[in-house]
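Listing of structure03.csv, CSV, C-alpha atoms and all ligand atoms
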chain,number,residue,atom,x,y,z
H,1,MET,CA,0.0,0.0,0.0
H,2,ALA,CA,2.8,2.3,0.9
H,3,ASP,CA,4.6,1.4,-2.3
H,4,THR,CA,1.6,2.3,-4.4
H,5,MET,CA,1.4,5.6,-2.6
H,6,LEU,CA,5.0,6.3,-3.2
H,7,VAL,CA,4.9,5.4,-6.9
H,8,ARG,CA,1.9,7.7,-7.2
H,9,ALA,CA,3.8,10.4,-5.3
H,10,LEU,CA,6.8,10.1,-7.6
H,11,LYS,CA,4.8,11.7,-10.4
H,12,GLY,CA,3.8,14.8,-8.5
H,13,LYS,CA,7.3,15.9,-7.1
H,14,PRO,CA,5.7,16.6,-3.7
H,15,LYS,CA,7.4,18.8,-1.1
H,16,ALA,CA,5.6,16.9,1.7
H,17,LEU,CA,4.8,13.3,2.2
H,18,ASN,CA,2.6,11.8,4.8
H,19,LEU,CA,2.9,8.1,5.7
H,20,CYS,CA,1.5,8.3,9.2
H,21,ASN,CA,-0.3,5.4,10.9
H,22,LYS,CA,0.3,2.9,8.0
H,23,LYS,CA,1.5,0.0,10.2
H,24,LEU,CA,4.8,0.1,8.3
H,25,ASP,CA,7.6,-2.0,9.7
H,26,LYS,CA,9.8,-0.9,6.8
H,27,VAL,CA,10.0,2.2,4.6
H,28,PRO,CA,10.1,1.1,0.9
H,29,LYS,CA,13.5,1.8,-0.7
H,30,ILE,CA,11.8,3.6,-3.6
H,31,ILE,CA,11.5,6.6,-1.2
H,32,GLY,CA,15.0,7.4,-2.3
H,33,LYS,CA,13.6,8.7,-5.6
H,34,LEU,CA,11.6,11.4,-3.8
H,35,ASP,CA,14.5,13.8,-3.5
H,36,CYS,CA,12.1,16.8,-3.8
H,37,VAL,CA,10.6,16.1,-0.3
H,38,LEU,CA,11.2,18.6,2.4
H,39,HIS,CA,8.8,17.3,5.0
H,40,LEU,CA,8.4,13.6,5.7
H,41,GLN,CA,5.8,12.2,8.2
H,42,LEU,CA,6.4,8.6,9.3
H,43,ARG,CA,4.7,8.9,12.7
H,44,GLY,CA,2.7,6.0,14.2
H,45,ASN,CA,4.2,3.0,12.4
H,46,LYS,CA,6.3,0.1,13.6
H,47,LEU,CA,9.6,1.2,12.3
H,48,ASN,CA,13.0,0.5,14.0
H,49,THR,CA,15.2,1.1,11.0
H,50,LEU,CA,15.3,3.4,8.0
H,51,PRO,CA,16.7,2.4,4.6
H,52,MET,CA,20.0,4.1,3.5
H,53,GLU,CA,18.1,5.2,0.4
H,54,LEU,CA,16.6,7.9,2.6
H,55,SER,CA,19.9,9.7,2.4
H,56,HIS,CA,18.9,10.8,-1.2
H,57,LEU,CA,16.3,13.1,0.4
H,58,PHE,CA,19.1,15.6,0.8
H,59,GLN,CA,16.7,18.6,1.1
H,60,LEU,CA,14.7,17.1,3.9
H,61,GLN,CA,14.0,19.7,6.6
H,62,ILE,CA,11.4,18.1,8.8
H,63,LEU,CA,11.2,14.4,9.8
H,64,ASN,CA,8.6,13.0,12.1
H,65,LEU,CA,9.5,9.5,13.5
H,66,GLY,CA,7.3,9.8,16.6
H,67,ASN,CA,5.4,6.7,17.9
H,68,ASN,CA,7.6,4.1,16.4
H,69,GLU,CA,10.0,1.4,17.7
H,70,PHE,CA,13.4,2.9,17.2
H,71,GLU,CA,16.0,1.7,19.8
H,72,GLU,CA,18.8,3.9,18.4
H,73,LEU,CA,19.1,6.9,16.1
H,74,PRO,CA,18.8,5.6,12.5
H,75,GLU,CA,22.3,5.8,10.9
H,76,VAL,CA,21.0,7.4,7.7
H,77,LEU,CA,20.2,10.6,9.7
H,78,GLU,CA,23.9,11.4,9.6
H,79,TYR,CA,23.5,12.2,5.8
H,80,LEU,CA,20.4,14.4,6.3
H,81,THR,CA,22.4,17.4,7.1
H,82,MET,CA,19.7,19.9,6.1
H,83,LEU,CA,17.4,18.6,8.7
H,84,GLU,CA,15.9,21.3,10.9
H,85,LYS,CA,13.2,19.5,12.9
H,86,LEU,CA,13.4,15.9,14.1
H,87,HIS,CA,10.6,14.2,16.1
H,88,LEU,CA,11.5,11.0,17.9
H,89,PHE,CA,9.0,11.0,20.7
H,90,ASN,CA,7.6,7.8,22.1
H,91,ASN,CA,10.2,5.4,20.8
H,92,LYS,CA,12.6,3.1,22.6
H,93,LEU,CA,15.8,5.0,22.3
H,94,LYS,CA,18.4,4.1,25.0
H,95,THR,CA,21.4,6.1,23.6
H,96,LEU,CA,22.1,8.7,21.0
H,97,ALA,CA,24.8,7.7,18.5
H,98,PRO,CA,27.6,10.4,18.6
H,99,LYS,CA,28.3,9.8,14.9
H,100,VAL,CA,24.7,10.9,13.9
H,101,LEU,CA,24.6,13.9,16.3
H,102,THR,CA,27.9,15.2,14.8
H,103,ASN,CA,26.3,15.9,11.4
H,104,LEU,CA,23.0,17.4,12.5
H,105,ARG,CA,24.4,20.9,12.5
H,106,ASN,CA,21.2,22.6,11.2
H,107,LEU,CA,18.9,21.0,13.6
H,108,THR,CA,16.9,23.6,15.5
H,109,PHE,CA,14.2,21.4,17.1
H,110,LEU,CA,14.6,17.9,18.6
H,111,ASN,CA,11.8,16.0,20.4
H,112,LEU,CA,12.9,12.9,22.3
H,113,ASN,CA,10.1,12.8,24.8
H,114,SER,CA,9.1,9.4,26.2
H,115,ASN,CA,12.1,7.3,25.4
H,116,ASN,CA,14.6,5.3,27.6
H,117,LEU,CA,17.5,7.7,27.6
H,118,LYS,CA,19.7,7.4,30.7
H,119,THR,CA,22.3,9.9,29.5
H,120,PHE,CA,23.4,12.2,26.7
H,121,PRO,CA,26.7,11.7,25.0
H,122,PRO,CA,29.1,14.7,25.1
H,123,GLU,CA,28.6,15.0,21.4
H,124,ILE,CA,25.2,16.6,22.1
H,125,CYS,CA,27.2,19.9,21.9
H,126,ARG,CA,27.5,19.3,18.1
H,127,LEU,CA,23.9,20.3,17.7
H,128,SER,CA,25.0,23.8,17.6
H,129,SER,CA,21.9,25.3,16.0
H,130,LEU,CA,19.5,23.7,18.5
H,131,GLN,CA,16.8,26.1,19.9
H,132,HIS,CA,14.3,23.6,21.3
H,133,LEU,CA,15.2,20.4,23.1
H,134,SER,CA,12.6,18.1,24.6
H,135,VAL,CA,13.5,15.1,26.7
H,136,ASP,CA,10.5,14.8,29.0
H,137,SER,CA,9.8,11.4,30.5
H,138,ASN,CA,13.1,9.6,30.0
H,139,GLN,CA,15.5,8.1,32.6
H,140,LEU,CA,18.1,10.9,32.7
H,141,THR,CA,20.1,11.0,36.0
H,142,GLU,CA,22.4,13.8,35.0
H,143,LEU,CA,23.2,16.2,32.2
H,144,PRO,CA,26.7,16.3,30.7
H,145,VAL,CA,28.4,19.7,31.0
H,146,GLU,CA,28.5,19.7,27.1
H,147,ILE,CA,24.8,20.5,27.1
H,148,CYS,CA,25.8,24.0,28.3
H,149,ALA,CA,27.5,24.5,24.9
H,150,LEU,CA,24.1,24.6,23.1
H,151,LEU,CA,24.3,28.4,23.1
H,152,ARG,CA,21.3,28.9,20.9
H,153,LEU,CA,18.9,26.9,23.1
H,154,GLU,CA,15.8,28.8,23.9
H,155,GLU,CA,13.5,26.1,25.3
H,156,PHE,CA,14.5,23.1,27.3
H,157,HIS,CA,12.1,20.5,28.5
H,158,VAL,CA,13.5,17.8,30.8
H,159,ALA,CA,10.5,17.1,33.0
H,160,ASN,CA,9.8,13.7,34.6
H,161,ASN,CA,13.4,12.4,34.7
H,162,GLN,CA,15.7,11.4,37.6
H,163,LEU,CA,17.9,14.5,37.7
H,164,THR,CA,19.4,15.6,41.0
H,165,SER,CA,21.2,18.7,39.8
H,166,LEU,CA,22.1,20.7,36.7
H,167,PRO,CA,25.7,21.3,35.5
H,168,LEU,CA,27.3,24.3,37.3
H,169,GLU,CA,28.0,25.9,33.9
H,170,PHE,CA,24.3,26.1,33.1
H,171,GLY,CA,24.5,29.9,33.0
H,172,PHE,CA,26.3,29.6,29.6
H,173,LEU,CA,22.8,29.0,28.1
H,174,VAL,CA,22.2,32.8,27.8
H,175,ASN,CA,19.5,32.5,25.2
H,176,LEU,CA,17.3,30.2,27.3
H,177,GLU,CA,13.8,31.5,27.8
H,178,LYS,CA,11.9,28.5,29.0
H,179,LEU,CA,13.1,25.8,31.4
H,180,TYR,CA,10.9,22.9,32.4
H,181,LEU,CA,12.3,20.7,35.2
H,182,GLN,CA,9.2,19.5,36.9
H,183,LYS,CA,9.1,16.0,38.4
H,184,ASN,CA,12.8,15.4,38.9
H,185,LYS,CA,14.9,15.1,42.2
H,186,ILE,CA,16.7,18.3,42.0
H,187,ARG,CA,18.0,19.5,45.3
H,188,GLU,CA,19.8,22.6,44.2
H,189,LEU,CA,19.9,24.9,41.2
H,190,PRO,CA,23.3,26.2,40.1
H,191,GLU,CA,24.2,29.8,41.1
H,192,SER,CA,25.0,30.4,37.4
H,193,LEU,CA,21.3,30.2,36.5
H,194,GLY,CA,21.3,34.0,37.3
H,195,LYS,CA,23.3,34.4,34.0
H,196,CYS,CA,20.4,33.1,31.9
H,197,TYR,CA,19.3,36.7,31.6
H,198,LYS,CA,16.4,35.9,29.1
H,199,LEU,CA,14.8,33.3,31.3
H,200,ARG,CA,11.0,34.0,31.5
H,201,THR,CA,9.6,30.6,32.5
H,202,VAL,CA,10.9,28.1,35.1
H,203,ASP,CA,9.0,25.1,36.2
H,204,ILE,CA,10.7,23.3,39.1
H,205,ALA,CA,7.5,21.8,40.6
H,206,ALA,CA,7.7,18.5,42.3
H,207,ASN,CA,11.5,18.4,43.0
H,208,GLU,CA,13.5,18.5,46.2
H,209,LEU,CA,14.5,22.1,46.2
H,210,ARG,CA,15.0,24.0,49.5
H,211,ILE,CA,16.2,27.4,48.2
H,212,PHE,CA,16.7,29.4,45.0
H,213,PRO,CA,20.0,30.8,43.7
H,214,THR,CA,21.1,34.2,44.8
H,215,GLU,CA,20.3,36.0,41.5
H,216,LEU,CA,16.7,34.8,41.0
H,217,SER,CA,15.3,38.3,41.3
H,218,ALA,CA,17.7,39.5,38.5
H,219,LEU,CA,15.9,37.2,36.0
H,220,PRO,CA,13.0,38.5,33.9
H,221,LEU,CA,10.7,35.8,35.1
H,222,LYS,CA,7.1,35.9,34.2
H,223,GLU,CA,6.2,32.4,35.4
H,224,LEU,CA,7.7,30.3,38.2
H,225,HIS,CA,6.2,27.0,39.3
H,226,CYS,CA,7.6,25.6,42.5
H,227,GLU,CA,4.9,23.8,44.3
H,228,GLU,CA,5.7,20.4,45.8
H,229,ASN,CA,9.2,21.2,47.0
H,230,PRO,CA,10.5,21.3,50.6
H,231,LEU,CA,11.2,25.0,50.3
H,232,LEU,CA,12.5,26.8,53.4
H,233,GLN,CA,9.7,28.3,55.3
H,234,HIS,CA,9.8,31.8,56.8
H,235,ILE,CA,10.1,30.8,60.5
H,236,PRO,CA,12.9,32.9,62.0
H,237,VAL,CA,14.8,31.4,64.9
H,238,HIS,CA,17.0,33.9,66.7
H,239,SER,CA,20.6,32.9,67.1
H,240,VAL,CA,24.0,34.6,67.6
H,241,GLN,CA,27.0,32.9,66.3
H,242,GLU,CA,30.6,33.1,67.4
H,243,GLU,CA,33.3,34.7,65.2
H,244,GLU,CA,35.1,31.9,63.3
H,245,VAL,CA,38.8,31.5,62.6
H,246,LEU,CA,39.6,31.6,58.9
H,247,SER,CA,42.3,29.6,57.2
H,248,LEU,CA,45.5,31.4,56.0
H,249,LYS,CA,44.4,30.7,52.4
H,250,GLU,CA,41.1,32.4,53.0
H,251,ILE,CA,42.7,35.4,54.8
H,252,GLY,CA,45.2,35.7,52.0
H,253,ALA,CA,42.6,35.5,49.2
H,254,ARG,CA,40.4,38.1,50.9
H,255,TYR,CA,43.3,40.4,51.4
H,256,ILE,CA,44.3,40.1,47.7
H,257,MET,CA,40.8,40.6,46.4
H,258,LYS,CA,40.3,43.6,48.6
H,259,GLU,CA,43.5,45.2,47.4
H,260,LEU,CA,42.7,44.4,43.8
H,261,LYS,CA,39.3,46.1,44.2
H,262,ASP,CA,40.7,49.2,45.9
H,263,SER,CA,43.4,49.6,43.3
H,264,LYS,CA,41.3,49.5,40.2
H,265,PRO,CA,43.4,51.2,37.4
H,266,THR,CA,40.8,54.1,37.4
H,267,ALA,CA,41.8,55.0,40.9
H,268,GLY,CA,44.5,57.3,39.7
H,269,LYS,CA,47.6,56.3,41.5
H,270,ASP,CA,48.1,52.6,41.0
H,271,ARG,CA,49.4,51.8,44.4
H,272,TRP,CA,49.0,48.1,44.3
H,273,SER,CA,49.6,47.5,40.6
H,274,TYR,CA,52.5,45.3,41.4
H,275,LEU,CA,50.1,42.8,43.0
H,276,ARG,CA,48.0,42.8,39.8
H,277,LYS,CA,51.2,42.2,37.8
H,278,ALA,CA,52.4,39.6,40.2
H,279,ILE,CA,49.3,37.4,40.0
H,280,ARG,CA,49.1,37.8,36.2
H,281,HIS,CA,51.6,34.9,35.8
H,282,TYR,CA,49.7,32.5,38.0
H,283,PRO,CA,46.6,31.4,36.2
H,284,GLN,CA,45.7,29.1,39.0
H,285,ILE,CA,45.4,32.0,41.4
H,286,LYS,CA,43.2,33.9,38.9
H,287,GLU,CA,41.1,30.8,38.5
H,288,MET,CA,40.8,30.4,42.2
H,289,LEU,CA,39.8,34.0,42.7
H,290,ALA,CA,37.2,33.7,39.9
H,291,GLN,CA,35.3,31.2,42.2
H,292,SER,CA,34.8,33.9,44.8
H,293,SER,CA,31.5,35.2,46.1
H,294,LYS,CA,30.4,38.5,47.3
H,295,CYS,CA,29.0,39.1,50.8
H,296,ALA,CA,25.4,40.2,50.7
H,297,VAL,CA,26.0,42.5,53.7
H,298,CYS,CA,29.4,44.1,53.4
H,299,GLY,CA,30.0,43.6,49.7
H,300,GLU,CA,33.5,42.2,50.1
H,301,SER,CA,34.7,39.1,48.2
H,302,PHE,CA,35.5,35.8,49.9
H,303,LEU,CA,36.5,32.3,48.7
H,304,ASN,CA,35.2,29.3,50.5
H,305,THR,CA,34.2,30.1,54.0
H,306,TRP,CA,30.8,31.5,53.7
H,307,LEU,CA,27.5,31.3,55.4
H,308,GLU,CA,24.5,30.2,53.5
H,309,CYS,CA,21.7,32.4,54.4
H,310,VAL,CA,18.2,32.9,53.1
H,311,ARG,CA,16.2,35.9,52.1
H,312,PHE,CA,12.5,35.8,51.5
H,313,VAL,CA,11.4,37.7,48.4
H,314,ASP,CA,7.8,38.4,47.6
H,315,ALA,CA,6.7,36.6,44.4
H,316,ARG,CA,4.5,39.5,43.3
H,317,GLU,CA,6.3,42.6,44.5
H,318,ASP,CA,9.9,41.6,44.1
H,319,LEU,CA,9.8,39.0,41.3
H,320,LYS,CA,6.8,40.5,39.5
H,321,LEU,CA,5.3,37.1,38.9
H,322,ASN,CA,1.7,36.8,37.8
H,323,ASN,CA,1.2,33.2,38.5
H,324,LEU,CA,2.4,32.9,42.1
H,325,SER,CA,2.1,34.8,45.4
H,326,GLY,CA,3.8,34.5,48.7
H,327,LEU,CA,7.4,34.4,49.8
H,328,ILE,CA,10.1,32.6,47.9
H,329,PRO,CA,13.4,31.6,49.6
H,330,VAL,CA,16.5,32.9,47.8
H,331,ARG,CA,20.0,32.1,48.8
H,332,ALA,CA,22.3,34.8,50.2
H,333,LEU,CA,26.0,34.3,50.9
H,334,LEU,CA,27.6,36.1,53.8
H,335,CYS,CA,31.4,36.5,54.5
H,336,SER,CA,31.3,36.1,58.2
H,337,TYR,CA,29.3,35.8,61.4
H,338,ARG,CA,30.2,39.4,62.0
H,339,CYS,CA,28.2,40.4,59.0
H,340,PHE,CA,25.5,37.8,60.0
H,341,ASN,CA,25.2,39.3,63.5
H,342,SER,CA,25.2,42.9,62.3
H,343,SER,CA,21.8,44.6,62.4
H,344,GLY,CA,19.8,46.1,59.5
H,345,HIS,CA,19.7,43.2,57.1
H,346,ASP,CA,16.9,40.6,56.4
H,347,TYR,CA,19.0,37.5,55.9
H,348,TYR,CA,18.2,34.5,58.0
H,349,GLY,CA,20.6,31.6,58.9
H,350,VAL,CA,19.6,28.3,57.4
H,351,ALA,CA,19.1,25.6,60.0
H,352,PHE,CA,19.9,22.2,58.5
H,353,PRO,CA,17.8,19.5,59.9
I,1,ZN,ZN,30.5,40.6,54.9
Represent the supplied structure as structure tokens.
Ligand SMILES: [Zn+2]
Amino acid sequence: MADTMLVRALKGKPKALNLCNKKLDKVPKIIGKLDCVLHLQLRGNKLNTLPMELSHLFQLQILNLGNNEFEELPEVLEYLTMLEKLHLFNNKLKTLAPKVLTNLRNLTFLNLNSNNLKTFPPEICRLSSLQHLSVDSNQLTELPVEICALLRLEEFHVANNQLTSLPLEFGFLVNLEKLYLQKNKIRELPESLGKCYKLRTVDIAANELRIFPTELSALPLKELHCEENPLLQHIPVHSVQEEEVLSLKEIGARYIMKELKDSKPTAGKDRWSYLRKAIRHYPQIKEMLAQSSKCAVCGESFLNTWLECVRFVDAREDLKLNNLSGLIPVRALLCSYRCFNSSGHDYYGVAFP
């Protein structure tokens, strides 16, 4: 039946071809003659391979293979380099062959919902044009750092997986506008999320989150879903903490960072410029100082010894959210108990159970 359809189609030089729900377990090889097709629908069949002849459809832009039986990415995809949209939802994919990913440079849309993926290969970063990635309802336990190299990504759906965290470099995804993480086991969002400065929608409902990253209120959020999380509650308990003893490394780092700040080249006389020159030759020191945080109270920089505090921001007044009201716990880092004990701030210590 499909053969007859294809033979008939051959005469018309169609741009689109629909072979959905035809109970196909093979695609007839004659399809290779339809090199005019831009849009091919093969959804709802019983396919687990594609013939190599499909590589003749070199102009193909949209391919829908949803609701089939694929266990791996069909090899022929590596020749379909013009492909822009690929649907593979509801198949049986366990892995993504790096070889295929490497050639899909024009792919902007990839739907892998409802498969059995446990991980992404590092080669996922080769999908450099990708704007929309959906991997809802898979078995992902972690995301490789290479996913943060998908710099054009605007929408990322990874709901209903087994994730416990996101890569620390997540903030590289500066074009991300919508992030769907509901129904995972995420305990913490990376601080770098604050760098995703276009982020408008975040859904983190039904996870294990206690607190949001420091720069949540810097994001242009319109929608935040965070129900069903053990978020910190606004129940202040008074406590005064003793001053701590810092390590020499910490004291040294704080001293250097303070001096570097006070001797910005614009400050006229460059009193400490020799310090700046001195550390220039030690990339490890630069790297270490780059990991520093800023105290929410005094504004000074510090390395490791910090206090995790919480500030409660109002969903409507501070975050300008329309879909949510009430107080949202946001992380704040403080440099010392001295700052914590000082008056005039609204940061609360976090009591870990
Ligand atoms: Zn401080």
Interface rows for chain H against ligand ZN 1 (chain I): nearest pair, Å to one decimal, 8 Å, all atoms listed in the file, as a Markdown table:
| residue | atom | partner | partner_atom | distance |
| --- | --- | --- | --- | --- |
| H:Lys294 | CA | I:ZN1 | ZN | 7.9 |
| H:Cys295 | CA | I:ZN1 | ZN | 4.6 |
| H:Ala296 | CA | I:ZN1 | ZN | 6.6 |
| H:Val297 | CA | I:ZN1 | ZN | 5.0 |
| H:Cys298 | CA | I:ZN1 | ZN | 4.0 |
| H:Gly299 | CA | I:ZN1 | ZN | 6.0 |
| H:Glu300 | CA | I:ZN1 | ZN | 5.9 |
| H:Leu334 | CA | I:ZN1 | ZN | 5.5 |
| H:Cys335 | CA | I:ZN1 | ZN | 4.2 |
| H:Ser336 | CA | I:ZN1 | ZN | 5.6 |
| H:Arg338 | CA | I:ZN1 | ZN | 7.2 |
| H:Cys339 | CA | I:ZN1 | ZN | 4.7 |
| H:Phe340 | CA | I:ZN1 | ZN | 7.7 |
* To do: Tell me, in Å to one decimal, how far atom CA of Thr119 of chain H is from atom CA of Pro98 of chain H.
  =>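 Between these atoms lies a distance of 12.1 Å.
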* Structure fact -> In terms of only C-alpha atoms, the residue from H:Gln61, H:Asn116, H:Ser128, H:Asn68 at minimal distance from Asp25 of chain H is H:Asn68
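Only residues having an atom at most 7 Å from (21.9, 15.7, 36.6) are included; using all atoms listed in the file, these are Thr141, Glu142, Leu143, Leu163, Thr164, Ser165, Leu166 and Pro167 of chain H.
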* Using all atoms listed in the file, which of the listed residues (H:Phe212, H:Phe302, H:Tyr282, H:Phe109) sits closest to Ala253 of chain H? ->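 Smallest distance to Ala253 of chain H is found for H:Phe302.
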* May I have the residues within 7 Å of Phe120 of chain H as a ChimeraX atom specification, using all atoms listed in the file and disregarding those fewer than 4 positions away in the same chain? => /H:96,124,143-144
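Across H:Thr108, H:Ser114, H:Asn322, H:Asn67, the tightest approach to Thr201 of chain H is made by H:Asn322 when counting only C-alpha atoms.
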* Which polymer residues have any atom within 6 Å of an atom of segment 307-319 of chain H, counting only C-alpha atoms, with same-chain residues fewer than 2 positions away left out, as a list in words? ->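 My reading of the contact set: Ser217, Leu321, Ser325, Gly326, Leu327, Ile328, Pro329, Val330, Arg331, Ala332, Leu333, Leu334, Tyr347, Tyr348, Gly349 and Val350 of chain H.
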